[in-house]
Amino acid sequence: MRDQVSRPAVRVTLAALLTLAVAAGGAACATSDVASTEQAAVYRMPITDPASEIDPLTAADQSAMAITGLVTEPLVSLTRDGELMPRLAVDWTASDDGLVWTIELRPDARFNDGSPVTAADVVSTFDALIADDSVSPGHGAFVGIVESVAVGDEDSVEFTLSRPFSDLPILFTGTNTGILPADYEVGSWLENPIGAGQFLLEDYTIGVGATYVANPDYWNADAIELDGVELKIYDDFAASVLAFQADEIDRIGLTVESASTIDVSQYETISSGYNRFDGIFLDVTAPPFDDVAVREALAWAIDREALVANVYEGNADVANDTTFFPDYSPQPSGLVQREQDLEMVAELLGGRTPSFTLTTANQLLGEVLQQQLNAVPGFEVGLEVLSTEQYFADGEASPWLTAPVTVTNWAKRVPSQYVSLVYGAGAPWNASHYANPALEELTAQFDATTDAVARQELADRIAHVQWSDVPVVIPAYSKSQALQNPRVKGEFIGAIDFYTGYNFAGISIEP
Amino acid sequence: MRFIAQRVAQIPIVVLAASALIFVFVQVLPGNPGRNALGPAATVEQVAAWNVAHGVDAGVLERYIAWLAGFVTGDWGTSIVYATPTFDLVLGRLGNSMALGLLAFALLMPVAIGIGILQALCAGSRRDRASTVILLALAAVPEFVIGVVLLIVFAVAIPVFPVQSGAAFGDGAVPELRALILPALTLAIGSLAVIARTTRSGIIDVTRSPHYRTAVVSGLGAGAIVRGHVARNALIPTVSILGVYLGSLLVGSAVVETLFGYPGLGELLVTATQRKDASVLAAGVTIAATVGVLAVLLADVAFTLIDPRVRFRGQSR
């Protein structure tokens with residue numbers, strides 16, 4: 001009896017000793033590397049392996065943009081409240097006809113090789129960006145707007161537009177707009193990581209990550225309290241969650257997966273501004289959505305509050321089928337906020353039973369929408385979830401542009417850009433196949449004026465067309481949330497996901 | 001020798017077939033290299049221009065022949081994802097995977113063979129049955145789960161090992177070794193059961209054979225019996241399977257390398273597949289196939305040294 005009792009105890013003890021031995025072995029091997037990183041006031045962020053070239057002009061995914069964006073500096077960025085913030089540009093003014101913008105440059109800015117940032121550098125950067133043969137993802141933002149860029153006087157640049165565009169400075173906050181030297185050759189950045197930004201690239205190891213040190217010659221170096229930044233590559237999200245718990249990194253995206261394993265109360269929750277919407281694109285040229293009443297019925301059938309709670313985890317605001325993000329000014333007025341109204345749906349359908357399939361690469365949103373709509377009398381909804389590669393496949397039959405109903409994620413832009421990209425007759429990504437000359441004319445007028453009263457009136461009319469014709473149902477404007485290690489002090493000036501520029505001014509690490 | 005010569009002669013055929021297959025397979029994968037590189041917002045014209053600039057718009061056969069000609073002369077092309085020479089990328093990653101695989105193999109082999117021997121010595125006992133259950137349970141647990149459990153225990157709860165192994169690169173031998181331990185343990189645990197069971201079965205088969213009983217009744221000492229009759233014969237199946245495991249360990253595990261953020265060949269091949277990085281994928285698979293075949297060849301050599309019947313059969317043909 002005594003033997004039987006003691007054997008398990010011995011095994012448990014042995015197992016515990018083995019565990020301790022492995023741990024002790026690791027501890028014995030442990031050097032001061034972790035401690036030294038912590039002492040050096042380095043902000044550590046997870047990224048995934050970059051999916052595109054690591055070049056400021058052509059970076060197409062967030063990781064590649066992070067690697068280059070910490071080193072480069074844009075003309076302008078946005079605060080987290082959506083306000084324009086001068087970076088390499090200190091002032092910007094439009095001519096009376098709105099066709100020429102003069103950008104005054106910061107006179108004391110220098111690249112990290114010591115050379116000054118000149119008007120010629122800005123011209124060269126934007127020439128490369130807007131060139132017809134440019135493969136930069138940032139190219140599309142300027143198409144049909146910026147005609148040419150030229151040196152003004154010594155410290156200014158003139159942008160000549162093909163049509164007046166009052167939100168031009170906001171376009172400077174977009175992707176691939178970091179200023180590079182005039183003699184920069186595309187594709188050479190990793191050999192010589194040039195830029196006028198807050199940090200210097202110290203090392204980049206494929207598959208591992210990148211380390212940066214603060215740039216002592218940055219024009220606002222006094223505001224940078226960090227010694228450096230480290231980007232660590234984790235291709236497995238579970239690993240990055242564990243790394244966050246193990247204090248290897250200072251932030252992790254707050255998702256259902258991370259929240260289910262991390263004690264959220266131990267960390268600071270930080271939130272970005274609005275950064276995207278998921279649009280439900282309805283093909284207005286074919287049944288059943290060639291009938292505006294059916295499109296309206298679908299818009300009234302969606303429970304937007306439930307989507308915010310269940311899909312966006314509360315980190316979104318209910319939207320009203322217009323492209324005016326809540327932090328944009330002016331905000332449209334006079335529209336009734338759509339919410340789920342089953343009586344309205346029944347009235348609009350008038351006994352019809354629209355049957356269609358939702359096609360998307362966003363499984364969660366697709367499933368929730370399908371469930372919501374199938375629970376509403378009158379709708380019969382199927383779901384086709386594709387991989388990202390399948391959904392955005394090239395060719396004329398690409399599902400995201402040809403399927404009858406698609407759900408696609410769109411990054412934040414100024415409202416009128418969506419008209420030229422999504423709603424216009426010649427828009428390249430017009431998945432709804434919608435066209436309305438009146439909307440395009442209103443948008444052109446909106447872009448052309450800086451008068452606040454006129455812009456408010458035009459915003460109201462643009463939004464009313466989008467709301468009434470409803471080629472795209474926009475149920476919510478979403479944000480991002482992240483958990484951050486409490487050792488990090490200060491608030492990020494811009495969005496925490498840096499989509500309008502990287503800015504670590506005011507961020508420090510507690511010793 | 002003829003047996004080994006035949007195996008050596010098969011190597012280029014196997015490697016060539018592997019490289020051709022992977023080159024064709026990468027074409028049928030969904031996705032477009034230019035689209036992958038430029039993102040969904042790029043226009044069709046931009047994607048086409050990118051593909052032309054990176055030479056991925058030509059026909060499969062044309063590109064394969066060009067790639068093969070370059071491969072045999074050491075010009076493996078340039079990764080379209082990392083914009084770096086494929087030669088450096090693949091061989092660097094192979095070196096990393098081999099370091100990890102060798103450590104895993106060094107941990108695995110003595111432990112697995114030791115457990116197999118212990119099980120054989122007490123075959124049929126409760127201890128044997130219990131350890132069999134534990135080993136089979138371990139074998140049934142996916143590598144990913146084993147890795148996550150090890151990370152939770154030894155990186156989060158008792159933070160003595162890093163989660164991301166690659167970060168220790170360049171920090172010196174001791175930090176690098178420390179970073180390798182958890183992924184190596186994960187790899188070793190995943191292979192433990194099969195090798196232990198094979199060893200156990202081999203020993204039991206030998207100890208039930210007539211020649212073993214003859215050796216025992218003839219009065220040979222225990223040491224002589226183990227050296228001359230048990231070890232050599234019992235290890236034949238184990239050596240055979242060790243060759244296969246060595247080959248797979250040396251070229252890396254995509255699951256383990258991805259989980260631990262370890263820049264090995266397995267992780268690289270996953271990325272190359274996702275992004276349709278054909279030169280990296282073809283070179284990586286070709287090298288992996290070469291290493292795998294060489295590991296099996298090594299096992300065959302060991303096999304012929306241990307088992308004289310193999311040599312005899314080879315000579316009689």
# chains A, B, ... in the order shown; residues from 1 in each chain; ligands from 1

$ closest_atom_pairs --of "chain B" --to "chain A" --cutoff "7 Å" --atoms "only C-alpha atoms" --output "tab-separated table"
residue	atom	partner	partner_atom	distance
B:Pro30	CA	A:Glu389	CA	6.1
B:Gly31	CA	A:Glu389	CA	4.9
B:Asn36	CA	A:Ala51	CA	6.9
B:Ala37	CA	A:Ser52	CA	4.3
B:Leu38	CA	A:Ala60	CA	5.1
B:Gly39	CA	A:Ala60	CA	5.7
B:Pro40	CA	A:Phe392	CA	6.1
B:Ala41	CA	A:Pro137	CA	6.6
B:Ala42	CA	A:Pro137	CA	5.6
B:Val44	CA	A:Asp394	CA	7.0
B:Gln46	CA	A:Val135	CA	5.1
B:Trp50	CA	A:Val135	CA	6.7
B:Val81	CA	A:Ser52	CA	6.0
B:Tyr82	CA	A:Glu53	CA	6.5
B:Ala83	CA	A:Glu53	CA	7.0
B:Phe154	CA	A:Ala23	CA	6.5
B:Ala155	CA	A:Ala246	CA	6.1
B:Val156	CA	A:Ala246	CA	4.6
B:Ile158	CA	A:Ala23	CA	6.9
B:Pro159	CA	A:Ala246	CA	6.6
B:Val160	CA	A:Ala27	CA	5.0
B:Phe161	CA	A:Gly26	CA	6.0
B:Val163	CA	A:Ala243	CA	5.5
B:Gly166	CA	A:Val208	CA	5.4
B:Ala167	CA	A:Val208	CA	6.1
B:Val174	CA	A:Cys29	CA	6.0
B:Pro175	CA	A:Ala30	CA	6.6
B:Arg178	CA	A:Gly26	CA	6.1
B:Thr258	CA	A:Asp235	CA	6.0
B:Leu259	CA	A:Asp236	CA	5.6
B:Phe260	CA	A:Ala239	CA	6.9
B:Gly261	CA	A:Tyr234	CA	5.6
B:Pro263	CA	A:Gly207	CA	5.3

$ residues_around --residues "Thr132 (chain B)" --least-positions-apart "4" --cutoff "8 Å" --atoms "only C-alpha atoms" --output "PDB file with N, CA, C and O atoms, in the first residue's frame"
ATOM      1  N   ASP B 128       5.450  -0.892 -19.199  1.00  0.00           N
ATOM      2  CA  ASP B 128       5.540  -0.868 -20.663  1.00  0.00           C
ATOM      3  C   ASP B 128       4.244  -0.333 -21.264  1.00  0.00           C
ATOM      4  O   ASP B 128       4.266   0.531 -22.149  1.00  0.00           O
ATOM      5  N   LEU B 136       2.200   7.182 -27.329  1.00  0.00           N
ATOM      6  CA  LEU B 136       1.212   7.314 -28.402  1.00  0.00           C
ATOM      7  C   LEU B 136       0.406   8.599 -28.251  1.00  0.00           C
ATOM      8  O   LEU B 136       0.057   9.247 -29.243  1.00  0.00           O
ATOM      9  N   ARG B 197       9.091   3.187 -30.319  1.00  0.00           N
ATOM     10  CA  ARG B 197       8.308   1.984 -30.600  1.00  0.00           C
ATOM     11  C   ARG B 197       9.041   1.064 -31.574  1.00  0.00           C
ATOM     12  O   ARG B 197       9.014  -0.156 -31.453  1.00  0.00           O
TER      13      ARG B 197
END

$ residues_around --residues "region 241-257 of chain B" --least-positions-apart "4" --cutoff "7 Å" --atoms "only C-alpha atoms" --output "JSON, numbers by chain"
{"B": [94, 97, 98, 101, 102, 105, 143, 144, 183, 237, 261, 262, 263, 264, 265, 266, 267, 270, 288, 291, 292, 295, 296, 298, 299]}

$ write_last_selection --atoms "C-alpha atoms" --output "PDB file, in the first residue's frame"
ATOM      1  CA  LEU B  94      19.037  25.643 -44.711  1.00  0.00           C
ATOM      2  CA  SER B  97      17.224  24.509 -40.150  1.00  0.00           C
ATOM      3  CA  MET B  98      20.120  22.069 -40.039  1.00  0.00           C
ATOM      4  CA  GLY B 101      17.395  19.748 -36.774  1.00  0.00           C
ATOM      5  CA  LEU B 102      20.733  18.433 -35.546  1.00  0.00           C
ATOM      6  CA  PHE B 105      18.140  14.823 -33.522  1.00  0.00           C
ATOM      7  CA  GLU B 143       3.657  19.769 -33.040  1.00  0.00           C
ATOM      8  CA  PHE B 144       1.933  23.136 -32.819  1.00  0.00           C
ATOM      9  CA  PRO B 183      11.834  24.400 -30.925  1.00  0.00           C
ATOM     10  CA  PRO B 237      14.592  -0.923 -38.446  1.00  0.00           C
ATOM     11  CA  GLY B 261       9.756  32.720 -35.302  1.00  0.00           C
ATOM     12  CA  TYR B 262      12.790  30.745 -36.351  1.00  0.00           C
ATOM     13  CA  PRO B 263      14.172  31.702 -39.778  1.00  0.00           C
ATOM     14  CA  GLY B 264      14.546  28.234 -41.226  1.00  0.00           C
ATOM     15  CA  LEU B 265      13.953  26.667 -44.599  1.00  0.00           C
ATOM     16  CA  GLY B 266      10.520  25.307 -43.694  1.00  0.00           C
ATOM     17  CA  GLU B 267       9.220  28.754 -42.774  1.00  0.00           C
ATOM     18  CA  VAL B 270       5.673  28.461 -46.599  1.00  0.00           C
ATOM     19  CA  ALA B 288      15.305  20.011 -49.287  1.00  0.00           C
ATOM     20  CA  VAL B 291      19.157  16.756 -48.172  1.00  0.00           C
ATOM     21  CA  GLY B 292      16.306  14.328 -47.631  1.00  0.00           C
ATOM     22  CA  ALA B 295      19.868  11.455 -45.310  1.00  0.00           C
ATOM     23  CA  VAL B 296      18.137   8.342 -46.588  1.00  0.00           C
ATOM     24  CA  LEU B 298      23.228   7.819 -45.146  1.00  0.00           C
ATOM     25  CA  ALA B 299      20.738   5.490 -43.506  1.00  0.00           C
TER      26      ALA B 299
END

$ residues_around --residues "Ala231 (chain B)" --least-positions-apart "5" --cutoff "12 Å" --atoms "only C-alpha atoms" --output "list in words"
Ile113, Ile117, Thr199, Arg200, Gly202, Ile203, Ile204, Asp205, Val206, Thr207, Tyr212, Ala222, Gly223, Ala224, Ile225, Val226, Ile236, Pro237, Thr238, Val239, Ile306 and Asp307 of chain B

$ residues_around --residues "Val111 (chain B)" --least-positions-apart "4" --cutoff "10 Å" --atoms "only C-alpha atoms" --output "list in words"
Phe105, Ala106, Leu107, Ile115, Gly116, Ile117, Ala188, Ile189, Leu192, Ile195 and Ala196 of chain B

$ select_by_dssp --residues "region 61-288 of chain B" --states "helix (DSSP H, G or I)" --output "ChimeraX atom specification"
/B:61-72,86-121,126-140,143-157,165-168,173-207,210-217,222-250,254-259,265-275,278-288

$ residues_around --residues "region 11-27 of chain B" --least-positions-apart "2" --cutoff "7 Å" --atoms "only C-alpha atoms" --output "PDB file with N, CA, C and O atoms, in the first residue's frame"
ATOM      1  N   ARG B   7      21.734   3.899 -55.427  1.00  0.00           N
ATOM      2  CA  ARG B   7      21.042   4.963 -54.684  1.00  0.00           C
ATOM      3  C   ARG B   7      21.612   6.339 -55.042  1.00  0.00           C
ATOM      4  O   ARG B   7      20.876   7.318 -55.202  1.00  0.00           O
ATOM      5  N   VAL B   8      22.928   6.421 -55.149  1.00  0.00           N
ATOM      6  CA  VAL B   8      23.565   7.690 -55.506  1.00  0.00           C
ATOM      7  C   VAL B   8      23.105   8.134 -56.898  1.00  0.00           C
ATOM      8  O   VAL B   8      22.817   9.314 -57.128  1.00  0.00           O
ATOM      9  N   ALA B   9      23.031   7.164 -57.804  1.00  0.00           N
ATOM     10  CA  ALA B   9      22.623   7.495 -59.176  1.00  0.00           C
ATOM     11  C   ALA B   9      21.186   8.008 -59.222  1.00  0.00           C
ATOM     12  O   ALA B   9      20.822   8.784 -60.121  1.00  0.00           O
ATOM     13  N   LEU B  29      -1.219  27.327 -58.065  1.00  0.00           N
ATOM     14  CA  LEU B  29      -1.669  27.924 -56.816  1.00  0.00           C
ATOM     15  C   LEU B  29      -2.421  29.208 -57.126  1.00  0.00           C
ATOM     16  O   LEU B  29      -2.056  29.937 -58.043  1.00  0.00           O
ATOM     17  N   TYR B  64      11.270  27.503 -66.354  1.00  0.00           N
ATOM     18  CA  TYR B  64      11.888  26.375 -65.665  1.00  0.00           C
ATOM     19  C   TYR B  64      13.260  26.052 -66.256  1.00  0.00           C
ATOM     20  O   TYR B  64      14.230  25.826 -65.530  1.00  0.00           O
ATOM     21  N   LYS B 276       4.022  32.998 -54.077  1.00  0.00           N
ATOM     22  CA  LYS B 276       4.398  32.514 -55.410  1.00  0.00           C
ATOM     23  C   LYS B 276       5.808  32.977 -55.795  1.00  0.00           C
ATOM     24  O   LYS B 276       6.035  33.448 -56.907  1.00  0.00           O
ATOM     25  N   ALA B 278       8.668  31.875 -57.028  1.00  0.00           N
ATOM     26  CA  ALA B 278       9.020  30.617 -57.697  1.00  0.00           C
ATOM     27  C   ALA B 278      10.484  30.241 -57.546  1.00  0.00           C
ATOM     28  O   ALA B 278      10.798  29.068 -57.321  1.00  0.00           O
ATOM     29  N   ALA B 282      11.405  26.774 -55.815  1.00  0.00           N
ATOM     30  CA  ALA B 282      12.059  25.707 -56.578  1.00  0.00           C
ATOM     31  C   ALA B 282      13.422  25.364 -55.978  1.00  0.00           C
ATOM     32  O   ALA B 282      13.752  24.182 -55.791  1.00  0.00           O
ATOM     33  N   VAL B 285      12.884  23.688 -52.428  1.00  0.00           N
ATOM     34  CA  VAL B 285      12.402  22.305 -52.498  1.00  0.00           C
ATOM     35  C   VAL B 285      13.491  21.393 -53.065  1.00  0.00           C
ATOM     36  O   VAL B 285      13.681  20.254 -52.589  1.00  0.00           O
ATOM     37  N   THR B 286      14.225  21.884 -54.035  1.00  0.00           N
ATOM     38  CA  THR B 286      15.291  21.070 -54.614  1.00  0.00           C
ATOM     39  C   THR B 286      16.361  20.760 -53.569  1.00  0.00           C
ATOM     40  O   THR B 286      16.822  19.620 -53.444  1.00  0.00           O
ATOM     41  N   ALA B 289      14.906  18.385 -51.027  1.00  0.00           N
ATOM     42  CA  ALA B 289      14.862  17.027 -51.575  1.00  0.00           C
ATOM     43  C   ALA B 289      16.252  16.406 -51.568  1.00  0.00           C
ATOM     44  O   ALA B 289      16.432  15.222 -51.225  1.00  0.00           O
ATOM     45  N   THR B 290      17.250  17.205 -51.907  1.00  0.00           N
ATOM     46  CA  THR B 290      18.623  16.693 -51.916  1.00  0.00           C
ATOM     47  C   THR B 290      19.048  16.252 -50.518  1.00  0.00           C
ATOM     48  O   THR B 290      19.608  15.163 -50.337  1.00  0.00           O
ATOM     49  N   VAL B 293      17.152  13.086 -49.516  1.00  0.00           N
ATOM     50  CA  VAL B 293      17.654  11.888 -50.198  1.00  0.00           C
ATOM     51  C   VAL B 293      19.025  11.493 -49.649  1.00  0.00           C
ATOM     52  O   VAL B 293      19.315  10.308 -49.447  1.00  0.00           O
TER      53      VAL B 293
END

$ residues_around --residues "Ser95 (chain A)" --least-positions-apart "4" --cutoff "10 Å" --atoms "only C-alpha atoms" --output "PyMOL selection string"
chain A and resi 99-102+160+164

$ write_last_selection --atoms "N, CA, C and O atoms" --output "PDB file, in the first residue's frame"
ATOM      1  N   LEU A  99      -6.263  75.286 -58.355  1.00  0.00           N
ATOM      2  CA  LEU A  99      -5.531  74.369 -59.249  1.00  0.00           C
ATOM      3  C   LEU A  99      -4.034  74.297 -58.939  1.00  0.00           C
ATOM      4  O   LEU A  99      -3.352  73.401 -59.439  1.00  0.00           O
ATOM      5  N   VAL A 100      -3.529  75.215 -58.138  1.00  0.00           N
ATOM      6  CA  VAL A 100      -2.099  75.178 -57.790  1.00  0.00           C
ATOM      7  C   VAL A 100      -1.958  75.280 -56.274  1.00  0.00           C
ATOM      8  O   VAL A 100      -2.488  76.206 -55.649  1.00  0.00           O
ATOM      9  N   TRP A 101      -1.283  74.300 -55.729  1.00  0.00           N
ATOM     10  CA  TRP A 101      -1.031  74.308 -54.288  1.00  0.00           C
ATOM     11  C   TRP A 101       0.461  74.558 -54.059  1.00  0.00           C
ATOM     12  O   TRP A 101       1.313  73.910 -54.675  1.00  0.00           O
ATOM     13  N   THR A 102       0.762  75.470 -53.138  1.00  0.00           N
ATOM     14  CA  THR A 102       2.150  75.748 -52.790  1.00  0.00           C
ATOM     15  C   THR A 102       2.429  75.180 -51.399  1.00  0.00           C
ATOM     16  O   THR A 102       1.723  75.504 -50.427  1.00  0.00           O
ATOM     17  N   THR A 160       0.506  71.198 -59.279  1.00  0.00           N
ATOM     18  CA  THR A 160      -0.514  71.634 -60.220  1.00  0.00           C
ATOM     19  C   THR A 160      -1.528  70.507 -60.398  1.00  0.00           C
ATOM     20  O   THR A 160      -1.155  69.366 -60.703  1.00  0.00           O
ATOM     21  N   PRO A 164      -9.644  71.161 -59.213  1.00  0.00           N
ATOM     22  CA  PRO A 164      -9.499  71.625 -57.832  1.00  0.00           C
ATOM     23  C   PRO A 164      -9.770  70.489 -56.845  1.00  0.00           C
ATOM     24  O   PRO A 164     -10.682  69.680 -57.057  1.00  0.00           O
TER      25      PRO A 164
END

$ closest_residue --among "A:Ala297, A:Val488, A:Ala316, A:Ala286" --to "Val376 (chain A)" --atoms "only C-alpha atoms"
A:Ala297
